[in-house]
Amino acid sequence: MNESNTPYVCHILVCTNDRHGERPSCSDGMSPEIRDYLKEQVEKRGWKSRVRVSQTGCMGLCAKGPNLMLYPQGICYSGVTLSDADTILAKVAEFVK
Ligand code: FES
């Protein structure tokens with residue numbers, strides 16, 4: 001095993017857990033579409049080597065979803081909609097400088 005620092009200044013974690021309506025989950029709020037938009041924007045802005053968008057499983061905040069977190073900044077967004085994505089990208093831009 002090797003240990004090293006993350007190559008990313010910001011890792012955008014998007015919960016895309018889907019419980020298919022059995023219980024609330026982030027996919028109910030179109031989190032896969034939010035993930036896709038963020039990925040597209042990260043590529044378009046030339047951030048790909050410094051910012052990573054990853055989908056995750058449940059973060060334990062399902063009732064507040066869709067949930068998204070920024071690391072290593074430790075920022076959590078809940079109740080995210082596609083129309084919030086550009087605001088989140090503006091926050092990420094502060095770390096990419
Ligand atoms: S389903 Fe997304 S936090 Fe639980």
# chains A, B, ... in the order shown; residues from 1 in each chain; ligands from 1

call {"tool": "residues_near_ligand", "arguments": {"ligand": "ligand 1", "cutoff": "8 Å", "atoms": "only C-alpha atoms and all ligand atoms", "output": "list in words"}}
result
Cys15, Thr16, Asn17, Asp18, Arg19, Pro24, Ser25, Cys26, Ser27, Gly57, Cys58, Met59, Gly60, Leu61, Cys62, Ala63, Lys64, Gly65, Pro66 and Asn67 of chain A

call {"tool": "write_last_selection", "arguments": {"atoms": "N, CA, C and O atoms", "output": "compact mmCIF listing (two decimals), in the first residue's frame"}}
result
# COMPACT_ATOMS: atom_id res chain seq x y z
N CYS A 15 -24.26 12.12 -3.86
CA CYS A 15 -24.98 10.88 -3.52
C CYS A 15 -25.98 10.57 -4.62
O CYS A 15 -26.85 11.39 -4.93
N THR A 16 -25.86 9.39 -5.22
CA THR A 16 -26.80 8.98 -6.26
C THR A 16 -27.53 7.70 -5.83
O THR A 16 -28.04 6.96 -6.66
N ASN A 17 -27.57 7.49 -4.52
CA ASN A 17 -28.25 6.30 -4.02
C ASN A 17 -29.71 6.31 -4.47
O ASN A 17 -30.38 7.33 -4.44
N ASP A 18 -30.19 5.15 -4.89
CA ASP A 18 -31.57 5.03 -5.38
C ASP A 18 -32.25 3.86 -4.67
O ASP A 18 -31.87 2.71 -4.85
N ARG A 19 -33.26 4.18 -3.89
CA ARG A 19 -34.02 3.12 -3.19
C ARG A 19 -35.32 2.79 -3.93
O ARG A 19 -36.18 2.13 -3.37
N PRO A 24 -37.09 7.48 1.02
CA PRO A 24 -36.48 8.61 0.32
C PRO A 24 -34.99 8.36 0.03
O PRO A 24 -34.29 7.76 0.86
N SER A 25 -34.55 8.80 -1.11
CA SER A 25 -33.12 8.70 -1.45
C SER A 25 -32.77 9.82 -2.42
O SER A 25 -33.65 10.40 -3.06
N CYS A 26 -31.51 10.10 -2.52
CA CYS A 26 -31.07 11.28 -3.28
C CYS A 26 -31.43 11.21 -4.76
O CYS A 26 -31.63 12.25 -5.39
N SER A 27 -31.54 10.02 -5.31
CA SER A 27 -31.91 9.92 -6.73
C SER A 27 -33.33 10.41 -6.98
O SER A 27 -33.66 10.77 -8.11
N GLY A 57 -22.58 6.38 -2.57
CA GLY A 57 -23.76 5.77 -1.99
C GLY A 57 -24.27 6.70 -0.89
O GLY A 57 -23.88 7.87 -0.80
N CYS A 58 -25.13 6.16 -0.04
CA CYS A 58 -25.79 6.95 0.99
C CYS A 58 -24.80 7.62 1.94
O CYS A 58 -23.84 7.01 2.38
N MET A 59 -25.07 8.90 2.23
CA MET A 59 -24.25 9.67 3.17
C MET A 59 -24.95 9.80 4.51
O MET A 59 -24.49 10.54 5.37
N GLY A 60 -26.09 9.16 4.66
CA GLY A 60 -26.79 9.18 5.94
C GLY A 60 -27.67 10.40 6.17
O GLY A 60 -28.11 10.62 7.30
N LEU A 61 -27.91 11.18 5.13
CA LEU A 61 -28.73 12.39 5.27
C LEU A 61 -29.90 12.35 4.29
O LEU A 61 -30.35 13.38 3.77
N CYS A 62 -30.41 11.16 4.04
CA CYS A 62 -31.37 10.91 2.96
C CYS A 62 -32.57 11.85 2.96
O CYS A 62 -32.97 12.34 1.90
N ALA A 63 -33.16 12.10 4.12
CA ALA A 63 -34.37 12.92 4.17
C ALA A 63 -34.11 14.35 3.72
O ALA A 63 -35.05 15.07 3.38
N LYS A 64 -32.84 14.76 3.72
CA LYS A 64 -32.50 16.12 3.30
C LYS A 64 -32.02 16.20 1.86
O LYS A 64 -31.63 17.24 1.39
N GLY A 65 -31.98 15.08 1.17
CA GLY A 65 -31.37 15.00 -0.15
C GLY A 65 -32.06 15.78 -1.23
O GLY A 65 -33.13 16.34 -0.99
N PRO A 66 -31.44 15.83 -2.38
CA PRO A 66 -30.13 15.28 -2.70
C PRO A 66 -28.99 15.97 -1.95
O PRO A 66 -29.03 17.19 -1.74
N ASN A 67 -28.02 15.18 -1.55
CA ASN A 67 -26.88 15.67 -0.78
C ASN A 67 -25.60 15.61 -1.61
O ASN A 67 -25.39 14.69 -2.39

call {"tool": "residues_around", "arguments": {"residues": "region 48-56 of chain A", "least_positions_apart": "3", "cutoff": "6 Å", "atoms": "only C-alpha atoms", "output": "VMD selection string"}}
result
chain A and resid 8 to 16 39 42 to 43

call {"tool": "write_last_selection", "arguments": {"atoms": "all heavy atoms", "output": "short mmCIF file (atom, residue, chain, number, x, y, z; two decimals), in the first residue's frame"}}
result
data_model
loop_
_atom_site.label_atom_id
_atom_site.label_comp_id
_atom_site.auth_asym_id
_atom_site.auth_seq_id
_atom_site.Cartn_x
_atom_site.Cartn_y
_atom_site.Cartn_z
N TYR A 8 -6.39 16.13 -6.05
CA TYR A 8 -7.47 17.08 -6.31
C TYR A 8 -7.55 18.18 -5.25
O TYR A 8 -7.45 17.90 -4.06
CB TYR A 8 -8.82 16.34 -6.37
CG TYR A 8 -8.78 15.22 -7.38
CD1 TYR A 8 -8.84 13.89 -6.97
CD2 TYR A 8 -8.62 15.50 -8.73
CE1 TYR A 8 -8.75 12.87 -7.89
CE2 TYR A 8 -8.52 14.48 -9.66
CZ TYR A 8 -8.59 13.16 -9.24
OH TYR A 8 -8.49 12.15 -10.15
N VAL A 9 -7.76 19.42 -5.70
CA VAL A 9 -7.97 20.51 -4.74
C VAL A 9 -9.39 20.45 -4.20
O VAL A 9 -9.67 20.98 -3.13
CB VAL A 9 -7.69 21.90 -5.35
CG1 VAL A 9 -6.23 22.04 -5.71
CG2 VAL A 9 -8.58 22.20 -6.54
N CYS A 10 -10.27 19.81 -4.94
CA CYS A 10 -11.65 19.64 -4.48
C CYS A 10 -12.25 18.38 -5.09
O CYS A 10 -12.15 18.16 -6.30
CB CYS A 10 -12.49 20.86 -4.87
SG CYS A 10 -14.17 20.81 -4.19
N HIS A 11 -12.84 17.59 -4.24
CA HIS A 11 -13.52 16.38 -4.67
C HIS A 11 -15.01 16.61 -4.40
O HIS A 11 -15.41 16.82 -3.25
CB HIS A 11 -12.99 15.19 -3.85
CG HIS A 11 -13.08 13.90 -4.57
ND1 HIS A 11 -12.10 12.95 -4.51
CD2 HIS A 11 -14.04 13.40 -5.38
CE1 HIS A 11 -12.46 11.91 -5.25
NE2 HIS A 11 -13.64 12.16 -5.78
N ILE A 12 -15.81 16.60 -5.46
CA ILE A 12 -17.26 16.82 -5.35
C ILE A 12 -17.92 15.44 -5.27
O ILE A 12 -17.87 14.67 -6.22
CB ILE A 12 -17.81 17.60 -6.56
CG1 ILE A 12 -17.05 18.91 -6.77
CG2 ILE A 12 -19.30 17.84 -6.40
CD1 ILE A 12 -17.42 19.65 -8.07
N LEU A 13 -18.50 15.16 -4.12
CA LEU A 13 -19.14 13.85 -3.91
C LEU A 13 -20.65 14.03 -4.01
O LEU A 13 -21.25 14.81 -3.25
CB LEU A 13 -18.76 13.30 -2.54
CG LEU A 13 -17.26 13.20 -2.27
CD1 LEU A 13 -17.02 12.72 -0.83
CD2 LEU A 13 -16.59 12.25 -3.25
N VAL A 14 -21.27 13.32 -4.92
CA VAL A 14 -22.71 13.44 -5.15
C VAL A 14 -23.37 12.11 -4.82
O VAL A 14 -23.06 11.09 -5.45
CB VAL A 14 -23.01 13.79 -6.63
CG1 VAL A 14 -24.51 14.01 -6.84
CG2 VAL A 14 -22.20 14.99 -7.10
N CYS A 15 -24.26 12.12 -3.86
CA CYS A 15 -24.98 10.88 -3.52
C CYS A 15 -25.98 10.57 -4.62
O CYS A 15 -26.85 11.39 -4.93
CB CYS A 15 -25.70 11.00 -2.19
SG CYS A 15 -26.69 9.51 -1.83
N THR A 16 -25.86 9.39 -5.22
CA THR A 16 -26.80 8.98 -6.26
C THR A 16 -27.53 7.70 -5.83
O THR A 16 -28.04 6.96 -6.66
CB THR A 16 -26.09 8.75 -7.62
OG1 THR A 16 -25.05 7.79 -7.43
CG2 THR A 16 -25.51 10.04 -8.17
N LYS A 39 -20.04 17.11 -13.86
CA LYS A 39 -18.94 16.49 -14.61
C LYS A 39 -18.69 17.23 -15.91
O LYS A 39 -17.55 17.51 -16.27
CB LYS A 39 -19.28 15.01 -14.92
CG LYS A 39 -18.96 14.04 -13.80
CD LYS A 39 -19.27 12.63 -14.24
CE LYS A 39 -18.80 11.59 -13.26
NZ LYS A 39 -17.38 11.29 -13.37
N VAL A 42 -17.07 20.61 -15.14
CA VAL A 42 -15.67 20.48 -14.70
C VAL A 42 -14.77 20.29 -15.92
O VAL A 42 -13.71 20.90 -16.04
CB VAL A 42 -15.52 19.33 -13.68
CG1 VAL A 42 -14.06 18.90 -13.54
CG2 VAL A 42 -16.10 19.75 -12.34
N GLU A 43 -15.22 19.47 -16.85
CA GLU A 43 -14.46 19.24 -18.09
C GLU A 43 -14.39 20.52 -18.92
O GLU A 43 -13.32 20.94 -19.38
CB GLU A 43 -15.14 18.11 -18.89
CG GLU A 43 -14.56 17.97 -20.28
CD GLU A 43 -14.05 16.58 -20.57
OE1 GLU A 43 -14.57 15.63 -19.96
OE2 GLU A 43 -13.15 16.46 -21.42
#

call {"tool": "residues_around", "arguments": {"residues": "Ala93 (chain A)", "least_positions_apart": "3", "cutoff": "10 Å", "atoms": "only C-alpha atoms", "output": "CSV table (one decimal) with N, CA and C atoms, in the first residue's frame"}}
result
chain,number,residue,atom,x,y,z
A,10,CYS,N,-10.3,19.8,-4.9
A,10,CYS,CA,-11.7,19.6,-4.5
A,10,CYS,C,-12.2,18.4,-5.1
A,42,VAL,N,-17.1,20.6,-15.1
A,42,VAL,CA,-15.7,20.5,-14.7
A,42,VAL,C,-14.8,20.3,-15.9
A,45,ARG,N,-14.6,23.6,-18.0
A,45,ARG,CA,-13.9,24.6,-17.4
A,45,ARG,C,-12.4,24.3,-17.3
A,47,TRP,N,-11.0,22.0,-15.5
A,47,TRP,CA,-10.6,21.7,-14.1
A,47,TRP,C,-10.3,20.2,-13.9
A,51,VAL,N,-10.1,18.9,-10.1
A,51,VAL,CA,-11.4,18.7,-9.4
A,51,VAL,C,-12.0,17.4,-9.9
A,87,THR,N,-24.1,27.6,-8.6
A,87,THR,CA,-23.7,28.2,-7.3
A,87,THR,C,-22.6,27.3,-6.7
A,88,ILE,N,-22.8,26.0,-6.7
A,88,ILE,CA,-21.8,25.1,-6.2
A,88,ILE,C,-20.5,25.2,-7.0
A,89,LEU,N,-20.6,25.3,-8.3
A,89,LEU,CA,-19.4,25.4,-9.1
A,89,LEU,C,-18.7,26.8,-8.8
A,90,ALA,N,-19.4,27.8,-8.5
A,90,ALA,CA,-18.8,29.1,-8.1
A,90,ALA,C,-18.0,28.9,-6.8
A,96,VAL,N,-10.0,26.4,-6.9
A,96,VAL,CA,-9.3,26.0,-8.1
A,96,VAL,C,-8.3,27.1,-8.5
A,97,LYS,N,-8.5,28.3,-8.1
A,97,LYS,CA,-7.6,29.5,-8.4
A,97,LYS,C,-6.2,29.2,-8.5

call {"tool": "residues_around", "arguments": {"residues": "Ala85 (chain A)", "least_positions_apart": "3", "cutoff": "10 Å", "atoms": "only C-alpha atoms", "output": "ChimeraX atom specification"}}
result
/A:34-35,37-38,41,80-82,88-91

call {"tool": "atom_distance", "arguments": {"atom1": "CA of Glu40 (chain A)", "atom2": "CA of Met69 (chain A)"}}
result
17.7 Å

call {"tool": "atom_distance", "arguments": {"atom1": "CA of Lys44 (chain A)", "atom2": "CA of Glu94 (chain A)"}}
result
16.7 Å

call {"tool": "select_by_dssp", "arguments": {"residues": "chain A", "states": "alpha helix (DSSP H)", "output": "PyMOL selection string"}}
result
chain A and resi 31-44+85-96

call {"tool": "select_by_dssp", "arguments": {"residues": "chain A", "states": "strand (DSSP E or B)", "output": "list in words"}}
result
Cys10, His11, Ile12, Leu13, Val14, Cys15, Val51, Arg52, Val53, Ser54, Gln55, Thr56, Leu68, Met69, Leu70, Tyr71, Ile75, Cys76 and Tyr77 of chain A

call {"tool": "closest_residue", "arguments": {"among": "A:Leu68, A:Thr6, A:Cys76, A:Gly46", "to": "Pro32 (chain A)", "atoms": "only C-alpha atoms"}}
result
A:Leu68
